[in-house]
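**Q** Quick one: structure below, then a few questions.
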Amino acid sequence: METKEIENIEIGEDKPQVAAKKVEVAGYRLEPVKSKEGKEIGDKLVLEVKHPDLQDKTIDISSVKFMVADKLKTSGLWVKKDEDGKLPFRSAVATMLRSLTIRRIAELKGIQLDTVVQDNGYLAVKSY
């Protein structure tokens with residue numbers, strides 16, 4: 001962008017964030033994440049959810065808030081495998097699945113999730 005192009009750009013309106021409510025998982029996908037330098041960091045699970053305040057569109061959630069040693073922790077839904085090809089027991093994804101009393105990512109579709117608003121304004125799955 002050139003300097004001339006940005007000189008007259010105004011500040012946009014402060015649009016309300018989506019409230020933390022129970023959402024339904026419509027689908028999910030695995031999304032590769034890259035660093036600023038373009039190096040692949042890993043894969044994140046992205047949940048496509050139906051929010052009651054939004055009619056016909058879904059929103060993406062890719063983080064979870066959960067308890068670790070009596071403290072709340074927020075983490076991305078990073079998908080990794082252990083030496084047996086399973087989700088590591090203490091991973092954020094496995095912790096979320098256990099809190100929902102399911103064992104596989106495939107079982108998320110159609111399930112209802114509680115959400116919480118993070119400090120950055122985005123929703124995270126509430127798993128505590």
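Ordering of the structure tokens sets the chain letters (A, B, ...); residue numbers start at 1 within each chain; ligands are numbered from 1 in the order shown.
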Can you tell me, as a list in words, what residues are no more than 12 Å from Glu107 in chain A when counting only C-alpha atoms, ignoring any on the same chain fewer than 4 positions away?
**A**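 In the requested format, the answer is Val25, Ala26, Gly27, Tyr28, Leu97, Arg98, Leu100, Thr101, Ile102, Arg103, Ile111 and Gln112 of chain A.
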**Q** Would you save the residues from that selection as a compact mmCIF listing (two decimals), in the first residue's frame, using C-alpha atoms?
**A**
```txt
# COMPACT_ATOMS: atom_id res chain seq x y z
CA VAL A 25 -20.78 -27.94 15.97
CA ALA A 26 -21.79 -27.99 12.29
CA GLY A 27 -18.44 -29.29 11.10
CA TYR A 28 -14.70 -29.11 11.57
CA LEU A 97 -13.07 -34.24 24.22
CA ARG A 98 -12.93 -35.79 27.70
CA LEU A 100 -17.60 -33.59 26.54
CA THR A 101 -17.45 -37.33 27.36
CA ILE A 102 -16.52 -38.28 23.81
CA ARG A 103 -13.38 -40.02 22.50
CA ILE A 111 -22.78 -31.65 19.70
CA GLN A 112 -23.61 -28.58 21.83
```
**Q** Could you give me, as JSON, numbers by chain, each residue of range 49-111 of chain A that DSSP assigns to strand (DSSP E) when run on this structure's backbone?
**A** {"A": [49, 50, 58, 59, 60, 61, 63, 64, 65, 66, 67, 68, 71, 72, 73, 74, 75, 76, 78, 79]}
**Q** Which residue gives the smallest distance to Lys109 in chain A among A:Lys34, A:Lys22, A:Lys50, A:Lys44, with only C-alpha atoms counted?
**A**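 Among A:Lys34, A:Lys22, A:Lys50, A:Lys44, it is A:Lys50 that comes nearest to Lys109 in chain A.
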**Q** Please, what distance in Å, to one decimal, runs between CA of Ile61 in chain A and CA of Tyr122 in chain A?
**A**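 Between CA of Ile61 in chain A and CA of Tyr122 in chain A the gap is 8.1 Å.
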**Q** Excluding Asp114 in chain A and residues on its chain fewer than 5 positions from it, collect all residues at most 8 Å away from it, counting only C-alpha atoms, and give them as a list in words.
**A** Ala20, Lys21, Lys22, Val23, Val125, Lys126 and Ser127 of chain A
**Q** For the residues in the current selection, export N, CA and C atoms as a tab-separated table (two decimals), in the first residue's frame.
**A**
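out-v1.tsv was written with the following content:
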```
chain	number	residue	atom	x	y	z
A	20	ALA	N	-20.88	-15.02	24.40
A	20	ALA	CA	-20.62	-16.41	24.77
A	20	ALA	C	-21.95	-17.10	25.05
A	21	LYS	N	-22.29	-18.05	24.20
A	21	LYS	CA	-23.52	-18.82	24.34
A	21	LYS	C	-23.24	-20.26	23.93
A	22	LYS	N	-24.21	-21.11	24.16
A	22	LYS	CA	-24.10	-22.50	23.72
A	22	LYS	C	-24.19	-22.51	22.19
A	23	VAL	N	-23.25	-23.23	21.57
A	23	VAL	CA	-23.20	-23.33	20.11
A	23	VAL	C	-23.27	-24.79	19.69
A	125	VAL	N	-13.96	-22.62	23.29
A	125	VAL	CA	-14.77	-23.66	23.90
A	125	VAL	C	-14.51	-23.64	25.41
A	126	LYS	N	-15.57	-23.71	26.19
A	126	LYS	CA	-15.44	-23.74	27.66
A	126	LYS	C	-15.42	-25.19	28.10
A	127	SER	N	-14.29	-25.62	28.65
A	127	SER	CA	-14.14	-27.03	29.08
A	127	SER	C	-13.73	-27.11	30.54
```
**Q** Leaving out Pro32 in chain A and any residue of its chain fewer than 4 positions from it, which residues lie within 8 Å of it when counting only C-alpha atoms, given as a list in words?
**A** Glu40, Ile41, Gly42, Asp43 and Lys44 of chain A
**Q** Output N, CA and C atoms of each residue in that selection to a file, as a CSV table (one decimal), in the first residue's frame.
**A**
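Okay, this is what ended up in result_13.csv:
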```csv
chain,number,residue,atom,x,y,z
A,40,GLU,N,6.0,-24.1,8.5
A,40,GLU,CA,4.8,-24.8,9.0
A,40,GLU,C,5.0,-25.1,10.5
A,41,ILE,N,4.1,-24.7,11.4
A,41,ILE,CA,4.2,-24.9,12.8
A,41,ILE,C,3.5,-26.1,13.2
A,42,GLY,N,2.3,-26.4,12.7
A,42,GLY,CA,1.5,-27.5,13.0
A,42,GLY,C,0.1,-27.4,12.5
A,43,ASP,N,-0.8,-28.3,12.9
A,43,ASP,CA,-2.2,-28.3,12.5
A,43,ASP,C,-3.1,-27.9,13.6
A,44,LYS,N,-4.1,-27.1,13.3
A,44,LYS,CA,-5.1,-26.7,14.3
A,44,LYS,C,-6.4,-27.2,13.9
```
**Q** Nearest residue to Ala69 in chain A out of A:Leu47, A:Arg90, A:Ala124, A:Met96, using only C-alpha atoms?
**A**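 Answer, going by the shortest atom-to-atom distance: A:Arg90.
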**Q** I'd like the neighbourhood of Ser63 in chain A as a compact mmCIF listing (two decimals) with C-alpha atoms, in the first residue's frame, where a residue qualifies if any of its atoms comes within 12 Å (using only C-alpha atoms), though same-chain residues fewer than 2 positions away should be ignored.
**A**
```txt
# COMPACT_ATOMS: atom_id res chain seq x y z
CA LYS A 44 -5.07 -26.69 14.31
CA LEU A 45 -8.55 -28.10 14.67
CA VAL A 46 -11.08 -25.46 13.61
CA LEU A 47 -14.65 -26.01 14.76
CA GLU A 48 -17.34 -24.56 12.48
CA ASP A 60 -14.88 -20.68 13.54
CA ILE A 61 -13.53 -21.56 16.98
CA LYS A 65 -10.26 -22.80 27.91
CA PHE A 66 -9.67 -25.56 30.47
CA LYS A 73 -5.51 -22.08 30.68
CA THR A 74 -6.39 -21.12 27.11
CA SER A 75 -4.83 -23.05 24.25
CA GLY A 76 -5.25 -23.48 20.54
CA LEU A 77 -6.77 -26.77 19.43
CA TRP A 78 -3.45 -28.13 18.14
CA VAL A 79 -3.71 -31.63 16.70
CA SER A 91 -3.37 -32.13 25.01
CA ALA A 92 -5.96 -29.37 24.76
CA VAL A 93 -7.98 -31.32 22.17
CA THR A 95 -8.96 -32.47 27.41
CA MET A 96 -11.86 -30.86 25.53
CA THR A 115 -18.29 -21.00 24.98
CA VAL A 116 -16.46 -18.22 26.77
CA VAL A 117 -15.14 -14.89 25.47
CA GLN A 118 -11.35 -14.61 25.61
CA ASN A 120 -8.96 -10.83 22.66
CA TYR A 122 -12.86 -14.25 20.29
CA LEU A 123 -14.85 -17.23 21.51
CA ALA A 124 -13.22 -20.35 22.94
CA VAL A 125 -14.77 -23.66 23.90
CA LYS A 126 -15.44 -23.74 27.66
CA SER A 127 -14.14 -27.03 29.08
```
**Q** Go through A:Val49, A:Ile105, A:Ala94, A:Val68 one by one, measure the shortest atom-to-atom distance of each to Glu24 in chain A using only C-alpha atoms, and give the residue with the smallest value.
**A**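 That would be A:Val49, the residue with the smallest distance to Glu24 in chain A.
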**Q** Would you mind reading off the distance between CA of Tyr128 in chain A and CA of Val33 in chain A, one decimal, in Å?
**A** 26.3 Å
**Q** Just to confirm, what's the straight-line distance from CA of Gln17 in chain A to CA of Asp53 in chain A in Å (one decimal)?
**A**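 So the answer is 10.7 Å.
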**Q** Write down as a CSV table (one decimal) with N, CA and C atoms, in the first residue's frame the residues of range 6-107 of chain A whose backbone DSSP state falls under helix (DSSP H, G or I).
**A**
```csv
chain,number,residue,atom,x,y,z
A,6,ILE,N,-3.4,5.5,2.0
A,6,ILE,CA,-3.8,5.4,3.4
A,6,ILE,C,-4.1,6.7,4.1
A,92,ALA,N,-4.7,-30.2,24.7
A,92,ALA,CA,-6.0,-29.4,24.8
A,92,ALA,C,-7.1,-30.1,24.1
A,93,VAL,N,-6.9,-30.6,22.9
A,93,VAL,CA,-8.0,-31.3,22.2
A,93,VAL,C,-8.5,-32.5,23.0
A,94,ALA,N,-7.6,-33.3,23.5
A,94,ALA,CA,-8.0,-34.5,24.3
A,94,ALA,C,-8.8,-34.0,25.6
A,95,THR,N,-8.3,-33.0,26.2
A,95,THR,CA,-9.0,-32.5,27.4
A,95,THR,C,-10.4,-32.0,27.1
A,96,MET,N,-10.5,-31.3,26.0
A,96,MET,CA,-11.9,-30.9,25.5
A,96,MET,C,-12.8,-32.1,25.3
A,97,LEU,N,-12.3,-33.1,24.5
A,97,LEU,CA,-13.1,-34.2,24.2
A,97,LEU,C,-13.5,-35.0,25.5
A,98,ARG,N,-12.6,-35.1,26.4
A,98,ARG,CA,-12.9,-35.8,27.7
A,98,ARG,C,-14.0,-35.0,28.5
A,99,SER,N,-13.9,-33.7,28.4
A,99,SER,CA,-14.9,-32.9,29.2
A,99,SER,C,-16.3,-33.0,28.5
A,105,ILE,N,-12.7,-37.0,17.5
A,105,ILE,CA,-13.0,-35.7,16.9
A,105,ILE,C,-14.3,-35.9,16.1
A,106,ALA,N,-14.5,-37.0,15.4
A,106,ALA,CA,-15.7,-37.2,14.6
A,106,ALA,C,-17.0,-37.1,15.4
A,107,GLU,N,-16.9,-37.3,16.7
A,107,GLU,CA,-18.1,-37.3,17.5
A,107,GLU,C,-18.5,-35.9,17.9
```
